[in-house]
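Peer 1: Provided herewith is a single structure, encoded as structure tokens, for subsequent inquiry.
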Amino acid sequence: MGGEIHAYGTSLGCISRRLFVLWVSTVMAALCYVQLFKWAMRSHLWDSIIGNAWEVGPESSCTGMQCYEMLTCFGLKDATRHTREPLATLAGAVLLPLGVAGAHQCYRWHLRVLGLFLAASAALHAGLMFCDAAYVHACGTYPSNMIHQTMVNWMPPSPVTLAAQGGLLKMSSYSFKDVADITDGFNVLLWYCSVAGTLTAFLTYAALETNLLATLAERGPLGLGMHYGLGQWDEYLNHDAVRRHKDKGMRSTFIDDAKLPSIGSQDTFADANFASCPGVAEGQARR
């Protein structure tokens, strides 16, 4: 873990950036597939395949001339919800697995695709949050995206009771008074802004971390390519082994003094010792 943090850096101050991107893409992909499964079950697709009958629920759509309204408060009440879904879920189901593979194997272009998706998703949620706030201010009612994303959705958990969720699902429009009566005066706008704002901030941060990881996977922290930075290499050096290897190359003076001279140098060594004797030296001097 230490080497990985040294190579890729950290996210949230304590988690390896690669593992952070891996877990984010994995969890988000799982949530997309769960949502797809819920849509398939809600559409009675399996019942249609095996021939089972089911009870058709009551329609909560428009009636009369309301069906032809477009640029009105009633005509735009579902605009942001239909923009967010199924676009976010379908795109996530296709692109997030690429992010999982990219974070696991450090593939640069996989991570680039994941970073672009997260950035686009963050921009989409920020834009939808602004549009929903403008709709509330202009029309005096809640858009369906505000209710379905934060009040009756399974993720995040709804802050109201199951009975209140059932009442909201039966409504075709969401006036302030009707929603307040069902939810016992719960502040829907504040809750929506908190959830959507937190999600947008998280997606933005995840996109930045993913793009940074993609850059590290391609260039390394110093732009040296796949070998990363010079500072990382020292972590993989075994300094004890290097020291032992250097010690083996050092010569010991004690061992050198204890070694006998070779055969070729014995005569020279004997002559030198003989000449060093005091009597021999004096006799040579008299001659």
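Letters A, B, ... mark the chains of the structure tokens in the order given; residue numbers begin at 1 per chain; ligand numbers begin at 1, in order shown.
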Counting only C-alpha atoms, what is within 7 Å of segment 175-188 of chain A, bar same-chain residues fewer than 6 positions away, as a VMD selection string?

Peer 2: chain A and resid 141 to 142 160 164 167

Peer 1: Using only N, CA, C and O atoms, please write the residues we just selected to a file, as a compact mmCIF listing (two decimals), in the first residue's frame.

Peer 2:
# COMPACT_ATOMS: atom_id res chain seq x y z
N THR A 141 -44.45 25.34 -7.64
CA THR A 141 -44.66 23.92 -7.40
C THR A 141 -43.31 23.20 -7.54
O THR A 141 -42.34 23.76 -8.07
N TYR A 142 -43.28 21.95 -7.08
CA TYR A 142 -42.06 21.17 -7.19
C TYR A 142 -42.04 20.41 -8.51
O TYR A 142 -43.07 19.85 -8.92
N VAL A 160 -38.89 10.56 4.49
CA VAL A 160 -40.30 10.52 4.90
C VAL A 160 -40.75 9.07 5.00
O VAL A 160 -40.04 8.14 4.60
N ALA A 164 -46.09 8.30 3.21
CA ALA A 164 -45.90 9.56 2.50
C ALA A 164 -45.32 9.33 1.11
O ALA A 164 -45.70 10.00 0.14
N GLY A 167 -48.10 8.26 -1.14
CA GLY A 167 -48.93 9.40 -1.52
C GLY A 167 -48.28 10.26 -2.58
O GLY A 167 -48.95 10.76 -3.50

Peer 1: Taking only segment 39-221 of chain A into account, list the residues labelled strand (DSSP E or B) by DSSP (computed from the backbone), as a list in words.

Peer 2: Thr141, Tyr142, Tyr174 and Ser175 of chain A

Peer 1: Pull N, CA, C and O atoms from the residues just selected and write them as an mmCIF file, in the first residue's frame.

Peer 2:
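Below is the file out-v4.cif, written as the result:
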data_model
loop_
_atom_site.group_PDB
_atom_site.id
_atom_site.type_symbol
_atom_site.label_atom_id
_atom_site.label_comp_id
_atom_site.auth_asym_id
_atom_site.auth_seq_id
_atom_site.Cartn_x
_atom_site.Cartn_y
_atom_site.Cartn_z
ATOM 1 N N THR A 141 -44.453 25.342 -7.642
ATOM 2 C CA THR A 141 -44.655 23.915 -7.403
ATOM 3 C C THR A 141 -43.310 23.201 -7.537
ATOM 4 O O THR A 141 -42.341 23.756 -8.068
ATOM 5 N N TYR A 142 -43.277 21.954 -7.078
ATOM 6 C CA TYR A 142 -42.057 21.166 -7.186
ATOM 7 C C TYR A 142 -42.041 20.408 -8.509
ATOM 8 O O TYR A 142 -43.070 19.846 -8.917
ATOM 9 N N TYR A 174 -47.053 18.511 -8.057
ATOM 10 C CA TYR A 174 -46.582 18.599 -6.677
ATOM 11 C C TYR A 174 -46.616 20.056 -6.193
ATOM 12 O O TYR A 174 -45.606 20.754 -6.210
ATOM 13 N N SER A 175 -47.792 20.479 -5.818
ATOM 14 C CA SER A 175 -47.928 21.825 -5.263
ATOM 15 C C SER A 175 -47.346 21.862 -3.852
ATOM 16 O O SER A 175 -47.236 20.836 -3.172
#

Peer 1: So what do you get for atom CA of Thr72 of chain A versus atom CA of Gln165 of chain A, distance-wise?

Peer 2: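 Going from atom CA of Thr72 of chain A over to atom CA of Gln165 of chain A, I get 26.1 Å.
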
Peer 1: Which residues of segment 139-231 of chain A sit at most 12 Å from segment 74-98 of chain A, using only C-alpha atoms? Give each one's shortest atom pair and distance in Å (one decimal place), in chain and ascending residue order, as CSV.

Peer 2:
residue,atom,partner,partner_atom,distance
A:Cys139,CA,A:Phe74,CA,8.9
A:Gly140,CA,A:Phe74,CA,11.2
A:Thr141,CA,A:Lys77,CA,8.7
A:Tyr142,CA,A:Lys77,CA,7.7
A:Pro143,CA,A:Lys77,CA,4.7
A:Ser144,CA,A:Asp78,CA,5.4
A:Asn145,CA,A:Arg81,CA,4.3
A:Met146,CA,A:Arg81,CA,8.0
A:Ile147,CA,A:Arg81,CA,9.4
A:His148,CA,A:Arg81,CA,7.8
A:Gln149,CA,A:Arg81,CA,8.1
A:Thr150,CA,A:Arg81,CA,11.5
A:Ser172,CA,A:Lys77,CA,9.4
A:Ser173,CA,A:Lys77,CA,7.6
A:Tyr174,CA,A:Lys77,CA,8.9
A:Ser175,CA,A:Lys77,CA,11.0
A:Thr210,CA,A:Leu96,CA,12.0

Peer 1: Using only C-alpha atoms, which of A:Phe117, A:Trp39, A:Phe130, A:Trp109 sits nearest Ser25 of chain A?

Peer 2: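 Counting only C-alpha atoms, the residue closest to Ser25 of chain A is A:Phe117.
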
Peer 1: Would you give me, as a PyMOL selection string, the residues in segment 126-237 of chain A that DSSP reads as helix (DSSP H, G or I)?

Peer 2: chain A and resi 126-139+144-150+162-169+176-183+188-219+225-227+230-236

Peer 1: Please indicate the distance in Å from atom CA of Arg17 of chain A to atom CA of Glu209 of chain A, rounded to one decimal place.

Peer 2: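 A separation of 7.0 Å between them.
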
Peer 1: Could you list, as JSON, numbers by chain, every residue within 9 Å of Val100 of chain A, counting only C-alpha atoms and ignoring same-chain residues fewer than 3 positions away?

Peer 2: {"A": [21, 22, 23, 24, 25, 26, 29, 96, 97, 103, 104, 105, 110, 111, 114]}

Peer 1: Using only C-alpha atoms, which of the listed residues (A:Ala126, A:Ala40, A:Ala206, A:Met171) sits closest to Ser194 of chain A?

Peer 2: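 The closest residue to Ser194 of chain A is A:Ala126.
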
Peer 1: For Thr215 of chain A, which residue among A:Phe37, A:Leu71, A:Cys32, A:Arg108 is the nearest when counting only C-alpha atoms?

Peer 2: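 Smallest separation from Thr215 of chain A among the options: A:Arg108.
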
Peer 1: Using only C-alpha atoms, which of the listed residues (A:Ala217, A:Leu212, A:Lys38, A:Arg244) sits closest to Cys106 of chain A?

Peer 2: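 The shortest atom-to-atom distance to Cys106 of chain A comes from A:Ala217.
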